[in-house]
Amino acid sequence: VVRLAGSDRPVAGIHPSFRVLALADPPSAEHPWLAPEMLPLFSTHELPALPPAAASEVMNGLFPTAPADVVEALVSFQALLGQRQRSGELEGLIGAGHTLSLRHLLRLGRRAEQFPDGCRVDLIAHVHDALMTQFLSPAARAAVDAIIDEAGIAQLQRR
């Protein structure tokens, strides 16, 4: 603990290995998130999106008894949502924070494995919960519902 001259208040030191981790979309010309003079102060690493085939392989490897049609529909939904966001089709409706991450995908896969008979019944509700669509506009929720239909999740619930 260090005390500044003329002050009784202690100032805590920062450990030399202290790091700050921030997650963001890659900077672009329209949305630079660091000024050019600040960029050299930070180390950035870009992680590409997991291809659908790899996501399917991970899901099938971790949850071999999960219904295959549910796993396929979830991976398809994740791929379609990511594709629509990258293409700008959902610009202004759904932000980068509303993606079905690998963590969400694994959580849904684990649930499908634990409840193979009942997982289809509330799958749409669980996808909406994972995406926190209750905080989106009605137009954005409608866009998510359209992707749910296209991925085949709605048809699973009707079975």
# chains A, B, ... in the order shown; residues from 1 in each chain; ligands from 1

call {"tool": "closest_atom_pairs", "arguments": {"of": "range 36-75 of chain A", "to": "range 112-126 of chain A", "cutoff": "12 Å", "atoms": "only C-alpha atoms", "output": "JSON lines"}}
result
{"residue": "A:Met59", "atom": "CA", "partner": "A:Glu113", "partner_atom": "CA", "distance": 10.3}
{"residue": "A:Asn60", "atom": "CA", "partner": "A:Glu113", "partner_atom": "CA", "distance": 10.3}
{"residue": "A:Gly61", "atom": "CA", "partner": "A:Glu113", "partner_atom": "CA", "distance": 11.8}
{"residue": "A:Leu62", "atom": "CA", "partner": "A:Glu113", "partner_atom": "CA", "distance": 9.6}
{"residue": "A:Phe63", "atom": "CA", "partner": "A:Glu113", "partner_atom": "CA", "distance": 6.1}
{"residue": "A:Pro64", "atom": "CA", "partner": "A:Glu113", "partner_atom": "CA", "distance": 7.8}
{"residue": "A:Thr65", "atom": "CA", "partner": "A:Glu113", "partner_atom": "CA", "distance": 5.7}
{"residue": "A:Ala66", "atom": "CA", "partner": "A:Glu113", "partner_atom": "CA", "distance": 4.0}
{"residue": "A:Pro67", "atom": "CA", "partner": "A:Pro116", "partner_atom": "CA", "distance": 6.3}
{"residue": "A:Ala68", "atom": "CA", "partner": "A:Ala112", "partner_atom": "CA", "distance": 9.6}
{"residue": "A:Asp69", "atom": "CA", "partner": "A:Arg120", "partner_atom": "CA", "distance": 9.6}
{"residue": "A:Val70", "atom": "CA", "partner": "A:Arg120", "partner_atom": "CA", "distance": 7.3}
{"residue": "A:Val71", "atom": "CA", "partner": "A:Ala112", "partner_atom": "CA", "distance": 8.1}
{"residue": "A:Glu72", "atom": "CA", "partner": "A:Ala112", "partner_atom": "CA", "distance": 11.7}
{"residue": "A:Ala73", "atom": "CA", "partner": "A:Leu123", "partner_atom": "CA", "distance": 10.2}
{"residue": "A:Leu74", "atom": "CA", "partner": "A:Leu123", "partner_atom": "CA", "distance": 9.2}

call {"tool": "select_by_dssp", "arguments": {"residues": "chain A", "states": "helix (DSSP H, G or I)", "output": "MDAnalysis selection string"}}
result
chainID A and resid 39:41 52:62 68:87 102:114 123:131 133:135 138:151 153:157

call {"tool": "residues_around", "arguments": {"residues": "range 26-34 of chain A", "least_positions_apart": "2", "cutoff": "12 Å", "atoms": "only C-alpha atoms", "output": "JSON, numbers by chain"}}
result
{"A": [22, 23, 24, 36, 37, 38, 39, 40, 41, 42, 43, 44, 45, 46, 47, 48, 86, 96]}

call {"tool": "residues_around", "arguments": {"residues": "range 142-150 of chain A", "least_positions_apart": "2", "cutoff": "7 Å", "atoms": "only C-alpha atoms", "output": "list in words"}}
result
Phe77, Leu80, Leu81, Pro138, Ala139, Ala140, Gly152, Ile153 and Ala154 of chain A

call {"tool": "write_last_selection", "arguments": {"atoms": "all heavy atoms", "output": "compact mmCIF listing (two decimals), in the first residue's frame"}}
result
# COMPACT_ATOMS: atom_id res chain seq x y z
N PHE A 77 -29.57 -23.46 -36.34
CA PHE A 77 -30.02 -22.15 -35.87
C PHE A 77 -28.83 -21.24 -35.58
O PHE A 77 -28.82 -20.08 -35.98
CB PHE A 77 -30.89 -22.29 -34.62
CG PHE A 77 -31.27 -20.98 -34.01
CD1 PHE A 77 -32.29 -20.23 -34.57
CD2 PHE A 77 -30.59 -20.47 -32.93
CE1 PHE A 77 -32.64 -18.99 -34.04
CE2 PHE A 77 -30.93 -19.25 -32.39
CZ PHE A 77 -31.95 -18.51 -32.94
N LEU A 80 -27.35 -20.10 -38.91
CA LEU A 80 -28.21 -19.14 -39.60
C LEU A 80 -28.20 -17.77 -38.92
O LEU A 80 -28.12 -16.73 -39.59
CB LEU A 80 -29.64 -19.66 -39.67
CG LEU A 80 -29.91 -20.78 -40.67
CD1 LEU A 80 -31.29 -21.38 -40.43
CD2 LEU A 80 -29.78 -20.25 -42.08
N LEU A 81 -28.27 -17.76 -37.59
CA LEU A 81 -28.25 -16.50 -36.86
C LEU A 81 -26.94 -15.75 -37.09
O LEU A 81 -26.93 -14.56 -37.38
CB LEU A 81 -28.48 -16.74 -35.37
CG LEU A 81 -28.54 -15.51 -34.48
CD1 LEU A 81 -29.72 -14.62 -34.86
CD2 LEU A 81 -28.64 -15.91 -33.02
N PRO A 138 -40.10 -6.06 -30.62
CA PRO A 138 -40.97 -7.06 -31.26
C PRO A 138 -40.47 -7.45 -32.66
O PRO A 138 -40.57 -8.62 -33.05
CB PRO A 138 -42.33 -6.37 -31.33
CG PRO A 138 -42.31 -5.40 -30.20
CD PRO A 138 -40.90 -4.92 -30.11
N ALA A 139 -39.93 -6.50 -33.41
CA ALA A 139 -39.40 -6.82 -34.74
C ALA A 139 -38.20 -7.77 -34.65
O ALA A 139 -38.07 -8.69 -35.46
CB ALA A 139 -39.02 -5.55 -35.48
N ALA A 140 -37.36 -7.55 -33.66
CA ALA A 140 -36.19 -8.43 -33.48
C ALA A 140 -36.63 -9.82 -33.04
O ALA A 140 -36.09 -10.83 -33.52
CB ALA A 140 -35.23 -7.82 -32.47
N GLY A 152 -35.71 -25.27 -38.30
CA GLY A 152 -36.43 -26.51 -38.04
C GLY A 152 -36.75 -26.75 -36.58
O GLY A 152 -37.23 -27.83 -36.22
N ILE A 153 -36.50 -25.78 -35.73
CA ILE A 153 -36.77 -25.96 -34.31
C ILE A 153 -38.27 -25.99 -34.04
O ILE A 153 -38.75 -26.78 -33.23
CB ILE A 153 -36.07 -24.87 -33.48
CG1 ILE A 153 -34.54 -25.05 -33.59
CG2 ILE A 153 -36.50 -24.91 -32.02
CD1 ILE A 153 -33.74 -23.97 -32.92
N ALA A 154 -39.02 -25.15 -34.73
CA ALA A 154 -40.47 -25.11 -34.52
C ALA A 154 -41.12 -26.44 -34.92
O ALA A 154 -42.06 -26.90 -34.26
CB ALA A 154 -41.08 -23.97 -35.32
